Number of protein chains: 2
Amino acid sequence: MKEVAAVAGVSLSTVSRVVNHDPSVRGELRQKVARAVEILGYRQNFTASALRRADGISSSIGLIVEDIANPFFSAMQRGIENVARQRGVLTFTGSTDELPEREQQLVNDFGARGVDGLIVVPASGDHGYLLRDRDAGIALVFIDRPGRFIDADTVLSDNASGAYAGVSHLIAAGHHRIAFLGDRGTIYTASERLRGYRKALADHGIPEDPELIRHTARPAADAYPVTREFVLGSNAPTAVFSAQNLVTVEAVRALHDTGLQRRVAFVGFDDVAMADILDPGITVVVQDATGLGATAAELLFSRLEGFDGPFQEVVLTTSLIPRGSGEISPPAS
Amino acid sequence: MKEVAAVAGVSLSTVSRVVNHDPSVRGELRQKVARAVEILGYRQNFTASALRRADGISSSIGLIVEDIANPFFSAMQRGIENVARQRGVLTFTGSTDELPEREQQLVNDFGARGVDGLIVVPASGDHGYLLRDRDAGIALVFIDRPGRFIDADTVLSDNASGAYAGVSHLIAAGHHRIAFLGDRGTIYTASERLRGYRKALADHGIPEDPELIRHTARPAADAYPVTREFVLGSNAPTAVFSAQNLVTVEAVRALHDTGLQRRVAFVGFDDVAMADILDPGITVVVQDATGLGATAAELLFSRLEGFDGPFQEVVLTTSLIPRGSGEISPPAS
DNA sequence: CTGAAAGCGCTTACAG
DNA sequence: CTGAAAGCGCTTACAG
């Protein structure tokens, strides 16, 4: 900027004003500065600018997810990007792999880089530590799951109702022995979906069998053997409800490998590529990952733009898509 | 930091030294500062620090992809994150949707935020404009595709060889009429894979039929109707080679919907979820998206850490996974 | 070993 | 309408 001022033969103040489109600068000077900018290939240092500006806005936000390689979270990221771009805001992203200490590390790293806000898929644990960041002026929105021990704007899918709808769908097809297969039980979405499963059973007078409820520590690795165990066991379920996308992939693989894909009914929570092409097609409860991201971003920006009302919890609806696997009847017994 | 100094009763210099683990500070003072930091919940402003530091390093980089919602690119992002984290480096991400002006906008926005380096999946067009950023000290690595009109480190998959292997596999099964279905022909990977397709035909003495070569403007929307048209046409191919993951999903859907999935052979470039569970399983040429990201990040950091050798082009190998669809024989004629 | 002072690239009252 | 000066939060020679 100093160079630009020298080349244009004006003061630093004037260059700054031109760069920031201050209308008070005379056209002639504006021209001179514009030319110098062009010649030197000058680009404003936005972080230095933020340091001095009254608002201190960095126009960057941080996104913390479980694993950005999971298409559910990357669709979410895209939803955020879509609304952030309209405001000239850039997004940092990091994955926690469900480790609370990694989450805190990311919050810290993002904070040190001066992000204006944080959108976080909270790992398990206490999120009270985020109060300090909010007090420091960082806006905060939880997404996919609520934080614990802290009140904040939150965007969720209709997890329990979605699971309820999925399990009720299986019950309507005549099933009574329905297995529940979810990822880690400590994860909010897993426990909410289990809640929906339980309520569906209860509302239809079906007793719960604890043997049919399983959480996997590592969905990608464990869902396959657990599903095999279920369907090949002595008292096998006639239907399986999977509570997560990665679990669904492995569970469906196990059904196909055992050749039971047309005998054991199946409903999954969250959609997966090619689920409709399989035979039978996989009946799923879909959630709107992109919409979750976009909504969270809108909420975050409304706070950043001064909205000061009570914290909001926005719940996006899910919907059931019947494709075949969920409409299989139980074997006549 | 001023506050910390006041509370600890030391100078700003000392606080700065403690925060930066300068060993020259006496243990006692270090304690005092540490206590003050704790009490005030102080966190270093890393961007202000970068502004003044001799190295000027922001410990942030920018990633520019076509669309982060595509699992191929999000796996790539994860690969980058894995190696960046070891160095305490954070990643900004943006999607171009293949628009050159969006790419330039992102480069500009990232540059203004002081990123140390850029990893970019170049959209079509001239990338000479990036020279200015590199002259300004920003490291640059192209990934998935090379940039045009600029020399830089580049990480690619073995696109032509992979396609060659896939198409040769179909030829080995007895096919002569093999359709090529790719995304936009202006995209490097699409044209490289077409090159591999052509070479495979040529090497096996099979004449090329221009009618069997199609590029889709929007893979997700166009691949389905084009595939239908192919296989239901009067002079239909006996095999289809798909050159991209989104194209594969839609092409396979069309094969299933027309009931031809066991009659028309199919090989796709890049893997897709559940491709192995379909019947027949989808034979694919897999590339290592996470590895591409990790390799690009290593290259970027080696530059940032001072490596000054000639630009490198690293090519990651692909491999063919036979799963059934690619092993279908042509109908006896 | 520690502090006072200069300065990174910028913005913003203030004076003219 | 324009410029000189102060200062954002920090680091780093320099002097002691």
# chains A, B, ... in the order shown; residues from 1 in each chain; ligands from 1

$ interface_residues --of "chain C" --to "chain A" --cutoff "12 Å" --atoms "only C-alpha atoms (C1' of nucleotides)" --output "JSON, numbers by chain"
{"C": [8, 9, 10, 11, 12, 13]}

$ interface_residues --of "chain B" --to "chain A" --cutoff "6 Å" --atoms "only C-alpha atoms" --output "list in words"
Gln44, Asn45, Phe46, Thr47, Ala69, Pro71, Ser74, Ala75, Arg78, Thr91, Phe92, Ala112, Arg113, Arg253, Ala273, Ile277 and Leu278 of chain B

$ residues_around --residues "Arg148 (chain A)" --least-positions-apart "4" --cutoff "9 Å" --atoms "only C-alpha atoms (C1' of nucleotides)" --output "list of chain:residue names"
A:Pro122, A:Ser124, A:Gly125, A:Asp126, A:His127, A:Gly128

$ residues_around --residues "Pro146 (chain B)" --least-positions-apart "5" --cutoff "10 Å" --atoms "only C-alpha atoms (C1' of nucleotides)" --output "MDAnalysis selection string"
chainID B and resid 120:124 127 141 151:156 188:189 313

$ write_last_selection --atoms "N, CA and C atoms" --output "PDB file, in the first residue's frame"
ATOM      1  N   VAL B 120      -4.780 -26.279  -5.807  1.00  0.00           N
ATOM      2  CA  VAL B 120      -5.932 -26.030  -6.660  1.00  0.00           C
ATOM      3  C   VAL B 120      -6.200 -27.072  -7.727  1.00  0.00           C
ATOM      4  N   VAL B 121      -7.462 -27.443  -7.796  1.00  0.00           N
ATOM      5  CA  VAL B 121      -7.977 -28.242  -8.900  1.00  0.00           C
ATOM      6  C   VAL B 121      -8.369 -27.217  -9.950  1.00  0.00           C
ATOM      7  N   PRO B 122      -7.526 -27.004 -10.965  1.00  0.00           N
ATOM      8  CA  PRO B 122      -7.773 -25.881 -11.859  1.00  0.00           C
ATOM      9  C   PRO B 122      -9.018 -26.076 -12.731  1.00  0.00           C
ATOM     10  N   ALA B 123      -9.844 -25.065 -12.791  1.00  0.00           N
ATOM     11  CA  ALA B 123     -10.939 -25.046 -13.758  1.00  0.00           C
ATOM     12  C   ALA B 123     -10.299 -24.783 -15.116  1.00  0.00           C
ATOM     13  N   SER B 124     -11.063 -24.857 -16.167  1.00  0.00           N
ATOM     14  CA  SER B 124     -10.464 -24.628 -17.471  1.00  0.00           C
ATOM     15  C   SER B 124     -10.046 -23.165 -17.597  1.00  0.00           C
ATOM     16  N   HIS B 127      -4.071 -20.185 -16.441  1.00  0.00           N
ATOM     17  CA  HIS B 127      -3.718 -20.047 -15.031  1.00  0.00           C
ATOM     18  C   HIS B 127      -2.489 -19.199 -14.812  1.00  0.00           C
ATOM     19  N   VAL B 141       0.363 -25.670  -5.661  1.00  0.00           N
ATOM     20  CA  VAL B 141       0.360 -27.041  -6.168  1.00  0.00           C
ATOM     21  C   VAL B 141      -0.959 -27.290  -6.892  1.00  0.00           C
ATOM     22  N   ASP B 151       4.041 -23.139 -14.938  1.00  0.00           N
ATOM     23  CA  ASP B 151       4.726 -24.329 -14.470  1.00  0.00           C
ATOM     24  C   ASP B 151       4.578 -24.394 -12.958  1.00  0.00           C
ATOM     25  N   ALA B 152       4.215 -25.564 -12.434  1.00  0.00           N
ATOM     26  CA  ALA B 152       4.078 -25.681 -10.986  1.00  0.00           C
ATOM     27  C   ALA B 152       4.072 -27.147 -10.584  1.00  0.00           C
ATOM     28  N   ASP B 153       4.291 -27.395  -9.304  1.00  0.00           N
ATOM     29  CA  ASP B 153       4.179 -28.762  -8.806  1.00  0.00           C
ATOM     30  C   ASP B 153       2.767 -29.255  -9.069  1.00  0.00           C
ATOM     31  N   THR B 154       2.670 -30.510  -9.448  1.00  0.00           N
ATOM     32  CA  THR B 154       1.377 -31.052  -9.846  1.00  0.00           C
ATOM     33  C   THR B 154       1.251 -32.508  -9.396  1.00  0.00           C
ATOM     34  N   VAL B 155       0.082 -32.850  -8.904  1.00  0.00           N
ATOM     35  CA  VAL B 155      -0.183 -34.236  -8.508  1.00  0.00           C
ATOM     36  C   VAL B 155      -1.383 -34.738  -9.293  1.00  0.00           C
ATOM     37  N   LEU B 156      -1.178 -35.828 -10.004  1.00  0.00           N
ATOM     38  CA  LEU B 156      -2.228 -36.343 -10.872  1.00  0.00           C
ATOM     39  C   LEU B 156      -2.456 -37.821 -10.622  1.00  0.00           C
ATOM     40  N   TYR B 188      -9.495 -31.559 -18.076  1.00  0.00           N
ATOM     41  CA  TYR B 188      -8.291 -32.343 -18.338  1.00  0.00           C
ATOM     42  C   TYR B 188      -8.484 -33.836 -18.114  1.00  0.00           C
ATOM     43  N   THR B 189      -9.035 -34.195 -16.963  1.00  0.00           N
ATOM     44  CA  THR B 189      -9.169 -35.619 -16.647  1.00  0.00           C
ATOM     45  C   THR B 189     -10.055 -36.316 -17.670  1.00  0.00           C
ATOM     46  N   GLU B 313       6.153 -33.314 -11.080  1.00  0.00           N
ATOM     47  CA  GLU B 313       4.836 -33.839 -11.408  1.00  0.00           C
ATOM     48  C   GLU B 313       4.774 -35.249 -10.849  1.00  0.00           C
TER      49      GLU B 313
END

$ select_by_dssp --residues "region 106-155 of chain A" --states "strand (DSSP E or B)" --output "list in words"
Gly117, Leu118, Ile119, Val120, Ala139, Leu140, Val141, Phe142, Ile143, Asp153, Thr154 and Val155 of chain A

$ write_last_selection --atoms "N, CA and C atoms" --output "PDB file, in the first residue's frame"
ATOM      1  N   GLY A 117     -17.047 -16.563  13.359  1.00  0.00           N
ATOM      2  CA  GLY A 117     -18.020 -17.508  13.880  1.00  0.00           C
ATOM      3  C   GLY A 117     -17.585 -18.934  13.693  1.00  0.00           C
ATOM      4  N   LEU A 118     -18.303 -19.808  14.365  1.00  0.00           N
ATOM      5  CA  LEU A 118     -17.978 -21.230  14.373  1.00  0.00           C
ATOM      6  C   LEU A 118     -19.254 -22.025  14.154  1.00  0.00           C
ATOM      7  N   ILE A 119     -19.201 -22.977  13.228  1.00  0.00           N
ATOM      8  CA  ILE A 119     -20.301 -23.926  13.072  1.00  0.00           C
ATOM      9  C   ILE A 119     -19.742 -25.269  13.462  1.00  0.00           C
ATOM     10  N   VAL A 120     -20.302 -25.869  14.502  1.00  0.00           N
ATOM     11  CA  VAL A 120     -19.673 -27.106  14.961  1.00  0.00           C
ATOM     12  C   VAL A 120     -20.628 -28.274  15.139  1.00  0.00           C
ATOM     13  N   ALA A 139     -19.389 -15.851  17.115  1.00  0.00           N
ATOM     14  CA  ALA A 139     -20.728 -16.428  17.024  1.00  0.00           C
ATOM     15  C   ALA A 139     -20.618 -17.943  16.947  1.00  0.00           C
ATOM     16  N   LEU A 140     -21.678 -18.622  17.386  1.00  0.00           N
ATOM     17  CA  LEU A 140     -21.594 -20.082  17.499  1.00  0.00           C
ATOM     18  C   LEU A 140     -22.906 -20.734  17.101  1.00  0.00           C
ATOM     19  N   VAL A 141     -22.821 -21.725  16.227  1.00  0.00           N
ATOM     20  CA  VAL A 141     -24.007 -22.512  15.890  1.00  0.00           C
ATOM     21  C   VAL A 141     -23.628 -23.993  15.922  1.00  0.00           C
ATOM     22  N   PHE A 142     -24.436 -24.767  16.620  1.00  0.00           N
ATOM     23  CA  PHE A 142     -24.240 -26.217  16.583  1.00  0.00           C
ATOM     24  C   PHE A 142     -25.049 -26.792  15.439  1.00  0.00           C
ATOM     25  N   ILE A 143     -24.513 -27.813  14.832  1.00  0.00           N
ATOM     26  CA  ILE A 143     -25.197 -28.411  13.694  1.00  0.00           C
ATOM     27  C   ILE A 143     -25.145 -29.929  13.814  1.00  0.00           C
ATOM     28  N   ASP A 153     -27.526 -21.401  19.329  1.00  0.00           N
ATOM     29  CA  ASP A 153     -28.332 -21.725  18.159  1.00  0.00           C
ATOM     30  C   ASP A 153     -27.947 -23.117  17.674  1.00  0.00           C
ATOM     31  N   THR A 154     -28.950 -23.857  17.249  1.00  0.00           N
ATOM     32  CA  THR A 154     -28.709 -25.256  16.884  1.00  0.00           C
ATOM     33  C   THR A 154     -29.581 -25.651  15.704  1.00  0.00           C
ATOM     34  N   VAL A 155     -29.007 -26.373  14.770  1.00  0.00           N
ATOM     35  CA  VAL A 155     -29.773 -26.885  13.632  1.00  0.00           C
ATOM     36  C   VAL A 155     -29.673 -28.407  13.617  1.00  0.00           C
TER      37      VAL A 155
END

$ select_by_dssp --residues "region 95-260 of chain B" --states "alpha helix (DSSP H)" --output "NGL selection string"
:B and (100-112 or 130-135 or 159-172 or 188-203 or 219-232 or 245-257)

$ residues_around --residues "DC14 (chain D)" --least-positions-apart "5" --cutoff "12 Å" --atoms "only C-alpha atoms (C1' of nucleotides)" --output "list in words"
DG3, DA4, DA5 and DA6 of chain C

$ atom_distance --atom1 "CA of Pro225 (chain A)" --atom2 "CA of Ile213 (chain A)"
14.2 Å

$ residues_around --residues "Val285 (chain A)" --least-positions-apart "6" --cutoff "9 Å" --atoms "only C-alpha atoms (C1' of nucleotides)" --output "MDAnalysis selection string"
chainID A and resid 162:163 165:166 267:271 318:322

$ atom_distance --atom1 "CA of Pro207 (chain B)" --atom2 "CA of Arg177 (chain B)"
9.2 Å

$ closest_residue --among "B:Leu131, B:Val107, B:Ala332, B:Leu29" --to "DT2 (chain C)" --atoms "only C-alpha atoms (C1' of nucleotides)"
B:Leu29

$ atom_distance --atom1 "CA of His204 (chain B)" --atom2 "CA of Val167 (chain B)"
10.4 Å
